[in-house]
Amino acid sequence: MVSGHRHGRVTAKLWGATMIFDLFALLNEKAFSHPSTITAALLNNDSLRLTVRGCGWWKDRPTYANGGAILSFSGISGGTLDIRALLDLEDDEALGNFEVTRSDDLDWARPTTFSLYCSQPLPEPLAVYDVVERWVERSHGVKAVHDFLHGSARLSTFLAYSNADFFMLATGPESLRTLLADELARQEVRHQFEPSGGYADSRYLVRLAENTWFFCESATLEPT
């Protein structure tokens, strides 16, 4: 049996006597609250299962103690996940930045649409770096400049890389293409955009803690 509402209301499925909630819908309807302690974690291929105790924030009448749930994530891809850091039984705010967001609502996570090539050295490589860095910061993304700007994992490497006569400068979504086109036009750099395969990240972006995030296809909560 399925119960729920349209227009973003909480959606839940009843399996036997257990109610399983869609986490994205649930977090859009109810405010997450601490304490939150992760007591067990199981990572199996592309699935993660976390046993959590603390505040029962998902309830109609939240309790701030003795709330228990299993958080399940499947189809995990990308990101950074430190299970050992999460399993700190003394930490009652283990889910420090907990949120589930649709990836297609995130500008920086949208499909790559272009590859950008330059056919002369960049007169002002730091200005190009600054354009991408500001775009990443405005997007509040979890990716870094080097995920879009080639050769930029180290600034010294990027300065040398962008001094070549021909090189691939960047790949990314359409909004970044516009910014780079404007900057290269300002510097009068010969360049060419080539269409690129529209790879998209998985359905949801999940943030568990400050440095723990990943993409996944499904995210659910099962009260225990």
# chains A, B, ... in the order shown; residues from 1 in each chain; ligands from 1
$ residues_around --residues "Phe114 (chain A)" --least-positions-apart "5" --cutoff "8 Å" --atoms "only C-alpha atoms" --output "list of chain:residue names"
A:Thr171, A:Gly172, A:Pro173, A:Glu174, A:Arg177, A:Phe193, A:Glu194, A:Pro195, A:Ser196, A:Gly197
$ residues_around --residues "Thr51 (chain A)" --least-positions-apart "3" --cutoff "9 Å" --atoms "only C-alpha atoms" --output "list in words"
Thr37, Ile38, Thr39, Ala40, Ala41, Leu42, Gly68, Ala69, Ile70, Leu71 and Ser72 of chain A
$ residues_around --residues "Ala31 (chain A)" --least-positions-apart "5" --cutoff "9 Å" --atoms "only C-alpha atoms" --output "list in words"
Leu26, Trp57 and Trp58 of chain A
$ select_by_dssp --residues "region 23-112 of chain A" --states "strand (DSSP E)" --output "ChimeraX atom specification"
/A:36-44,47-54,67-74,77-80,99-102
$ residues_around --residues "Leu176 (chain A)" --least-positions-apart "5" --cutoff "10 Å" --atoms "only C-alpha atoms" --output "PDB file with C-alpha atoms, in the first residue's frame"
ATOM      1  CA  ASP A 107      23.555  24.327 -11.583  1.00  0.00           C
ATOM      2  CA  TRP A 108      27.021  22.814 -11.088  1.00  0.00           C
ATOM      3  CA  THR A 112      28.301  18.664 -19.247  1.00  0.00           C
ATOM      4  CA  THR A 113      27.467  20.311 -22.569  1.00  0.00           C
ATOM      5  CA  PHE A 114      30.833  21.538 -23.876  1.00  0.00           C
ATOM      6  CA  VAL A 131      35.842  33.204 -13.170  1.00  0.00           C
ATOM      7  CA  VAL A 132      35.501  29.469 -12.530  1.00  0.00           C
ATOM      8  CA  TRP A 135      31.063  30.355 -10.282  1.00  0.00           C
ATOM      9  CA  VAL A 136      31.761  27.317  -8.065  1.00  0.00           C
ATOM     10  CA  PHE A 148      35.842  21.929 -14.526  1.00  0.00           C
ATOM     11  CA  ALA A 170      37.480  23.422 -19.554  1.00  0.00           C
ATOM     12  CA  THR A 171      34.370  21.252 -19.600  1.00  0.00           C
ATOM     13  CA  ALA A 181      33.171  32.777 -23.478  1.00  0.00           C
TER      14      ALA A 181
END
$ closest_atom_pairs --of "region 73-146 of chain A" --to "region 205-219 of chain A" --cutoff "8 Å" --atoms "only C-alpha atoms" --output "Markdown table"
| residue | atom | partner | partner_atom | distance |
| --- | --- | --- | --- | --- |
| A:Phe73 | CA | A:Ala219 | CA | 4.6 |
| A:Ser74 | CA | A:Ser218 | CA | 5.4 |
| A:Gly75 | CA | A:Cys216 | CA | 4.9 |
| A:Ile76 | CA | A:Cys216 | CA | 4.2 |
| A:Ser77 | CA | A:Phe215 | CA | 5.2 |
| A:Gly78 | CA | A:Phe214 | CA | 5.6 |
| A:Gly79 | CA | A:Phe214 | CA | 4.0 |
| A:Thr80 | CA | A:Thr212 | CA | 5.4 |
| A:Leu81 | CA | A:Thr212 | CA | 5.1 |
| A:Asp82 | CA | A:Thr212 | CA | 6.6 |
| A:Ala94 | CA | A:Ala209 | CA | 6.9 |
| A:Leu95 | CA | A:Leu208 | CA | 5.1 |
| A:Gly96 | CA | A:Ala209 | CA | 4.6 |
| A:Asn97 | CA | A:Ala209 | CA | 4.7 |
| A:Phe98 | CA | A:Leu208 | CA | 4.5 |
| A:Glu99 | CA | A:Arg207 | CA | 5.3 |
| A:Val100 | CA | A:Val206 | CA | 4.6 |
| A:Thr101 | CA | A:Leu205 | CA | 5.1 |
| A:Arg102 | CA | A:Leu205 | CA | 6.2 |
| A:Ser103 | CA | A:Leu205 | CA | 5.7 |
| A:Val142 | CA | A:Trp213 | CA | 7.9 |
$ select_by_dssp --residues "region 45-121 of chain A" --states "helix (DSSP H, G or I)" --output "PyMOL selection string"
chain A and resi 83-86+103-105+107-109
$ write_last_selection --atoms "N, CA and C atoms" --output "CSV table (one decimal), in the first residue's frame"
chain,number,residue,atom,x,y,z
A,83,ILE,N,33.4,6.5,6.5
A,83,ILE,CA,32.6,5.7,7.5
A,83,ILE,C,33.2,5.8,8.9
A,84,ARG,N,34.5,5.8,9.0
A,84,ARG,CA,35.1,5.8,10.4
A,84,ARG,C,34.8,7.1,11.1
A,85,ALA,N,34.8,8.2,10.4
A,85,ALA,CA,34.5,9.5,11.0
A,85,ALA,C,33.1,9.6,11.4
A,86,LEU,N,32.2,9.0,10.6
A,86,LEU,CA,30.7,9.0,10.9
A,86,LEU,C,30.4,8.2,12.2
A,103,SER,N,19.6,16.6,-7.9
A,103,SER,CA,20.8,17.1,-8.6
A,103,SER,C,20.4,18.0,-9.8
A,104,ASP,N,19.3,17.8,-10.4
A,104,ASP,CA,18.9,18.7,-11.5
A,104,ASP,C,18.5,20.0,-11.1
A,105,ASP,N,18.4,20.3,-9.7
A,105,ASP,CA,18.2,21.6,-9.2
A,105,ASP,C,19.5,22.4,-9.0
A,107,ASP,N,22.9,23.9,-10.3
A,107,ASP,CA,23.6,24.3,-11.6
A,107,ASP,C,24.8,23.6,-11.9
A,108,TRP,N,25.7,23.4,-10.9
A,108,TRP,CA,27.0,22.8,-11.1
A,108,TRP,C,26.9,21.3,-11.4
A,109,ALA,N,25.8,20.7,-11.0
A,109,ALA,CA,25.7,19.2,-11.2
A,109,ALA,C,24.9,18.9,-12.5
$ atom_distance --atom1 "CA of Tyr204 (chain A)" --atom2 "CA of Asp22 (chain A)"
11.6 Å
$ residues_around --residues "Pro121 (chain A)" --least-positions-apart "2" --cutoff "6 Å" --atoms "only C-alpha atoms" --output "list in words"
Ser162, Asn163, Ala164 and Asp165 of chain A
$ atom_distance --atom1 "CA of Ser152 (chain A)" --atom2 "CA of Arg110 (chain A)"
20.7 Å
$ residues_around --residues "Leu184 (chain A)" --least-positions-apart "5" --cutoff "12 Å" --atoms "only C-alpha atoms" --output "MDAnalysis selection string"
chainID A and resid 116:125 127:129 131 169:170 177:179 189:193
$ atom_distance --atom1 "CA of Thr63 (chain A)" --atom2 "CA of Phe24 (chain A)"
20.8 Å
